[in-house]
Amino acid sequence: MARYTGPVCRLCRREGQKLFLKGERCYSDKCSIGIRGYAPGQHGQGRKKSSEYGLQLRAKQTARRFYGVQESQFRHYFDVAERKQGVTGDNLLKILESRLDNVVYRAGFASSRIEARQLVGHGHFEVNGKRVDIASYLLKAGDVVAVCDKTKGTEKMKAIIEANGAKPVPAWMDVDHEKLTAKVINLPERDQIEAPVQEQLIVEFYSR
């Protein structure tokens with residue numbers, strides 16, 4: 001299935017909450033949720049009753065769109081999480097958070113996950129000293145992500161750091177904004193993950 005290339009603000013409106021897909025715009029008065037806080041389409045403002053299945057589907061779609069993952073890959077992550085020891089929902093979120101594009105975004109090296117995915121794909125980041133251009137690359141505790149030397153001095157990266165350098169960094173990461181490096185101290189626990197995700201509903205969806 002091809003990646004969604006339409007207006008991403010429609011995705012936020014469909015899920016009824018901010019998914020922070022447009023960077024700074026999501027924090028401004030121009031955010032579509034504040035202007036048109038109802039689902040897109042002809043019947044978006046109509047009253048809708050949600051079934052149990054509908055709530056589970058929306059929870060799954062919200063998580064997919066928040067992290068920018070396609071259905072087949074999301075299902076693969078769920079299967080991996082289910083085989084691991086521990087709570088399946090928590091395992092799933094740990095996998096999603098450990099993606100390289102998410103770590104780049106969380107570290108403040110990109111304004112959104114979409115931008116982070118693009119920067120990673122263009123080869124602007126290294127992991128443990130080796131260039132990695134796969135956004136879905138899964139990091140482990142102890143891995144160090146760094147902006148490539150050729151990218152550090154660019155106006156683009158300077159503007160990104162200036163805009164995002166002051167944003168809070170997750171407790172499970174150690175970020176050096178001078179050296180432009182981010183170390184994964186450990187994989188996050190559920191209370192360290194700030195995401196509008198109801199993981200239990202996702203587990204119920206795939207367990208039908």
# chains A, B, ... in the order shown; residues from 1 in each chain; ligands from 1

$ closest_atom_pairs --of "segment 109-147 of chain A" --to "segment 167-180 of chain A" --cutoff "12 Å" --atoms "only C-alpha atoms" --output "tab-separated table"
residue	atom	partner	partner_atom	distance
A:Phe109	CA	A:Leu180	CA	7.9
A:Ala110	CA	A:Lys167	CA	11.2
A:Ser111	CA	A:Lys167	CA	10.4
A:His124	CA	A:Leu180	CA	11.6
A:Phe125	CA	A:Leu180	CA	10.0
A:Glu126	CA	A:Leu180	CA	10.9
A:Leu139	CA	A:Met173	CA	11.6
A:Lys140	CA	A:Met173	CA	11.3
A:Ala141	CA	A:Trp172	CA	9.1
A:Gly142	CA	A:Met173	CA	9.7
A:Asp143	CA	A:Met173	CA	10.1
A:Val144	CA	A:Asp174	CA	9.2
A:Val145	CA	A:Leu180	CA	8.5
A:Ala146	CA	A:Leu180	CA	5.9
A:Val147	CA	A:Leu180	CA	5.8

$ write_last_selection --atoms "all heavy atoms" --output "short mmCIF file (atom, residue, chain, number, x, y, z; two decimals), in the first residue's frame"
data_model
loop_
_atom_site.label_atom_id
_atom_site.label_comp_id
_atom_site.auth_asym_id
_atom_site.auth_seq_id
_atom_site.Cartn_x
_atom_site.Cartn_y
_atom_site.Cartn_z
N PHE A 109 15.77 17.04 16.56
CA PHE A 109 16.53 17.20 15.32
C PHE A 109 15.62 17.30 14.10
O PHE A 109 16.09 17.32 12.97
CB PHE A 109 17.50 16.03 15.14
CG PHE A 109 18.52 15.91 16.24
CD1 PHE A 109 19.13 14.69 16.52
CD2 PHE A 109 18.87 17.00 17.02
CE1 PHE A 109 20.06 14.58 17.54
CE2 PHE A 109 19.80 16.89 18.04
CZ PHE A 109 20.40 15.68 18.30
N ALA A 110 14.32 17.35 14.33
CA ALA A 110 13.33 17.52 13.26
C ALA A 110 12.08 18.10 13.88
O ALA A 110 11.80 17.92 15.08
CB ALA A 110 13.03 16.18 12.58
N SER A 111 11.30 18.83 13.08
CA SER A 111 10.10 19.49 13.58
C SER A 111 8.89 18.57 13.64
O SER A 111 7.91 18.87 14.31
CB SER A 111 9.78 20.72 12.72
OG SER A 111 10.83 21.65 12.76
N HIS A 124 21.14 11.93 6.52
CA HIS A 124 21.71 12.99 7.35
C HIS A 124 22.06 12.53 8.76
O HIS A 124 22.50 13.36 9.56
CB HIS A 124 20.73 14.16 7.43
CG HIS A 124 20.52 14.87 6.13
ND1 HIS A 124 21.54 15.56 5.49
CD2 HIS A 124 19.43 15.00 5.33
CE1 HIS A 124 21.09 16.10 4.37
NE2 HIS A 124 19.81 15.76 4.24
N PHE A 125 21.85 11.26 9.07
CA PHE A 125 22.10 10.78 10.44
C PHE A 125 22.96 9.52 10.47
O PHE A 125 22.93 8.71 9.53
CB PHE A 125 20.78 10.53 11.16
CG PHE A 125 20.00 11.77 11.45
CD1 PHE A 125 19.05 12.23 10.56
CD2 PHE A 125 20.25 12.50 12.60
CE1 PHE A 125 18.34 13.39 10.80
CE2 PHE A 125 19.54 13.67 12.86
CZ PHE A 125 18.59 14.11 11.96
N GLU A 126 23.69 9.38 11.56
CA GLU A 126 24.51 8.19 11.81
C GLU A 126 24.04 7.52 13.09
O GLU A 126 23.55 8.18 14.01
CB GLU A 126 25.98 8.58 11.96
CG GLU A 126 26.60 9.21 10.74
CD GLU A 126 28.03 9.65 10.98
OE1 GLU A 126 28.42 9.74 12.18
OE2 GLU A 126 28.75 9.92 10.01
N LEU A 139 16.31 1.13 17.26
CA LEU A 139 17.46 1.38 18.13
C LEU A 139 17.37 0.56 19.41
O LEU A 139 16.29 0.16 19.82
CB LEU A 139 17.54 2.87 18.46
CG LEU A 139 17.71 3.81 17.26
CD1 LEU A 139 17.50 5.25 17.69
CD2 LEU A 139 19.07 3.63 16.63
N LYS A 140 18.53 0.37 20.03
CA LYS A 140 18.61 -0.37 21.28
C LYS A 140 19.22 0.53 22.35
O LYS A 140 19.80 1.58 22.04
CB LYS A 140 19.47 -1.64 21.11
CG LYS A 140 19.00 -2.58 20.01
CD LYS A 140 19.89 -3.80 19.92
CE LYS A 140 21.32 -3.45 19.51
NZ LYS A 140 21.40 -2.89 18.15
N ALA A 141 19.11 0.11 23.59
CA ALA A 141 19.73 0.86 24.68
C ALA A 141 21.23 0.96 24.44
O ALA A 141 21.88 -0.03 24.14
CB ALA A 141 19.44 0.18 26.01
N GLY A 142 21.77 2.16 24.56
CA GLY A 142 23.19 2.39 24.35
C GLY A 142 23.53 2.94 22.97
O GLY A 142 24.64 3.44 22.77
N ASP A 143 22.59 2.85 22.02
CA ASP A 143 22.85 3.37 20.68
C ASP A 143 22.91 4.90 20.70
O ASP A 143 22.18 5.56 21.44
CB ASP A 143 21.75 2.93 19.70
CG ASP A 143 21.88 1.47 19.32
OD1 ASP A 143 22.94 0.87 19.60
OD2 ASP A 143 20.92 0.92 18.74
N VAL A 144 23.78 5.44 19.84
CA VAL A 144 23.96 6.89 19.75
C VAL A 144 23.63 7.35 18.35
O VAL A 144 24.21 6.87 17.37
CB VAL A 144 25.40 7.30 20.11
CG1 VAL A 144 25.57 8.82 19.94
CG2 VAL A 144 25.74 6.88 21.53
N VAL A 145 22.70 8.28 18.26
CA VAL A 145 22.32 8.88 16.99
C VAL A 145 23.00 10.24 16.88
O VAL A 145 22.97 11.02 17.84
CB VAL A 145 20.79 9.05 16.89
CG1 VAL A 145 20.40 9.72 15.57
CG2 VAL A 145 20.10 7.70 17.02
N ALA A 146 23.61 10.52 15.73
CA ALA A 146 24.30 11.79 15.54
C ALA A 146 24.00 12.36 14.16
O ALA A 146 23.83 11.62 13.19
CB ALA A 146 25.81 11.59 15.71
N VAL A 147 23.94 13.68 14.10
CA VAL A 147 23.79 14.36 12.82
C VAL A 147 25.13 14.26 12.09
O VAL A 147 26.19 14.47 12.69
CB VAL A 147 23.41 15.83 13.01
CG1 VAL A 147 23.28 16.54 11.67
CG2 VAL A 147 22.11 15.94 13.79
#

$ residues_around --residues "Ser207 of chain A" --least-positions-apart "6" --cutoff "12 Å" --atoms "only C-alpha atoms" --output "PDB file with N, CA and C atoms, in the first residue's frame"
ATOM      1  N   TYR A  53     -16.102  -2.183  18.087  1.00  0.00           N
ATOM      2  CA  TYR A  53     -15.138  -2.359  16.995  1.00  0.00           C
ATOM      3  C   TYR A  53     -14.650  -1.004  16.481  1.00  0.00           C
ATOM      4  N   GLN A  56     -12.014   0.454  18.748  1.00  0.00           N
ATOM      5  CA  GLN A  56     -10.749  -0.268  18.588  1.00  0.00           C
ATOM      6  C   GLN A  56     -10.045   0.133  17.294  1.00  0.00           C
ATOM      7  N   ARG A  75       1.202  -4.069  11.818  1.00  0.00           N
ATOM      8  CA  ARG A  75       0.794  -5.416  12.217  1.00  0.00           C
ATOM      9  C   ARG A  75       2.014  -6.275  12.554  1.00  0.00           C
ATOM     10  N   PHE A  78       3.114  -5.427  15.956  1.00  0.00           N
ATOM     11  CA  PHE A  78       2.226  -6.023  16.953  1.00  0.00           C
ATOM     12  C   PHE A  78       2.568  -7.498  17.160  1.00  0.00           C
ATOM     13  N   ASP A  79       2.820  -8.218  16.074  1.00  0.00           N
ATOM     14  CA  ASP A  79       3.174  -9.639  16.189  1.00  0.00           C
ATOM     15  C   ASP A  79       4.460  -9.819  16.980  1.00  0.00           C
ATOM     16  N   GLU A  82       3.748  -9.130  20.635  1.00  0.00           N
ATOM     17  CA  GLU A  82       2.978 -10.210  21.241  1.00  0.00           C
ATOM     18  C   GLU A  82       3.872 -11.378  21.645  1.00  0.00           C
ATOM     19  N   THR A  88       1.763  -6.773  26.068  1.00  0.00           N
ATOM     20  CA  THR A  88       1.833  -6.589  24.620  1.00  0.00           C
ATOM     21  C   THR A  88       1.713  -5.132  24.213  1.00  0.00           C
ATOM     22  N   GLY A  89       0.766  -4.404  24.802  1.00  0.00           N
ATOM     23  CA  GLY A  89       0.579  -3.000  24.459  1.00  0.00           C
ATOM     24  C   GLY A  89       1.809  -2.161  24.759  1.00  0.00           C
ATOM     25  N   GLN A 200      -4.418  -0.743  24.801  1.00  0.00           N
ATOM     26  CA  GLN A 200      -5.243  -1.902  25.127  1.00  0.00           C
ATOM     27  C   GLN A 200      -6.311  -2.133  24.073  1.00  0.00           C
ATOM     28  N   LEU A 201      -6.856  -1.049  23.507  1.00  0.00           N
ATOM     29  CA  LEU A 201      -7.847  -1.185  22.440  1.00  0.00           C
ATOM     30  C   LEU A 201      -7.214  -1.764  21.172  1.00  0.00           C
TER      31      LEU A 201
END

$ atom_distance --atom1 "atom CA of Lys183 of chain A" --atom2 "atom CA of Glu97 of chain A"
13.5 Å

$ select_by_dssp --residues "segment 79-122 of chain A" --states "alpha helix (DSSP H)" --output "ChimeraX atom specification"
/A:79-83,88-97,100-106,113-121

$ write_last_selection --atoms "C-alpha atoms" --output "compact mmCIF listing (two decimals), in the first residue's frame"
# COMPACT_ATOMS: atom_id res chain seq x y z
CA ASP A 79 3.17 -9.64 16.19
CA VAL A 80 6.69 -9.00 17.49
CA ALA A 81 5.33 -7.29 20.61
CA GLU A 82 2.98 -10.21 21.24
CA ARG A 83 5.86 -12.70 21.19
CA THR A 88 1.83 -6.59 24.62
CA GLY A 89 0.58 -3.00 24.46
CA ASP A 90 3.63 -1.66 26.28
CA ASN A 91 5.94 -3.72 24.06
CA LEU A 92 4.28 -2.28 20.97
CA LEU A 93 4.81 1.29 22.11
CA LYS A 94 8.45 0.57 22.96
CA ILE A 95 9.02 -0.72 19.43
CA LEU A 96 7.35 2.33 17.88
CA GLU A 97 9.30 4.73 20.09
CA LEU A 100 15.06 5.99 14.21
CA ASP A 101 12.70 8.62 12.79
CA ASN A 102 10.89 8.87 16.14
CA VAL A 103 14.15 9.22 18.10
CA VAL A 104 15.33 11.95 15.71
CA TYR A 105 12.04 13.78 16.26
CA ARG A 106 12.04 13.27 20.04
CA ARG A 113 8.13 12.75 12.34
CA ILE A 114 7.44 13.35 8.65
CA GLU A 115 10.44 15.68 8.45
CA ALA A 116 12.52 13.25 10.52
CA ARG A 117 11.68 10.42 8.12
CA GLN A 118 12.73 12.57 5.18
CA LEU A 119 16.01 13.64 6.79
CA VAL A 120 16.88 10.06 7.71
CA GLY A 121 16.04 8.87 4.20

$ atom_distance --atom1 "atom CA of Gln198 of chain A" --atom2 "atom CA of Ile134 of chain A"
27.0 Å

$ residues_around --residues "Val197 of chain A" --least-positions-apart "2" --cutoff "10 Å" --atoms "only C-alpha atoms" --output "ChimeraX atom specification"
/A:58-64,66,89,93,193-195,199-202

$ atom_distance --atom1 "atom CA of Ser50 of chain A" --atom2 "atom CA of Arg208 of chain A"
17.1 Å
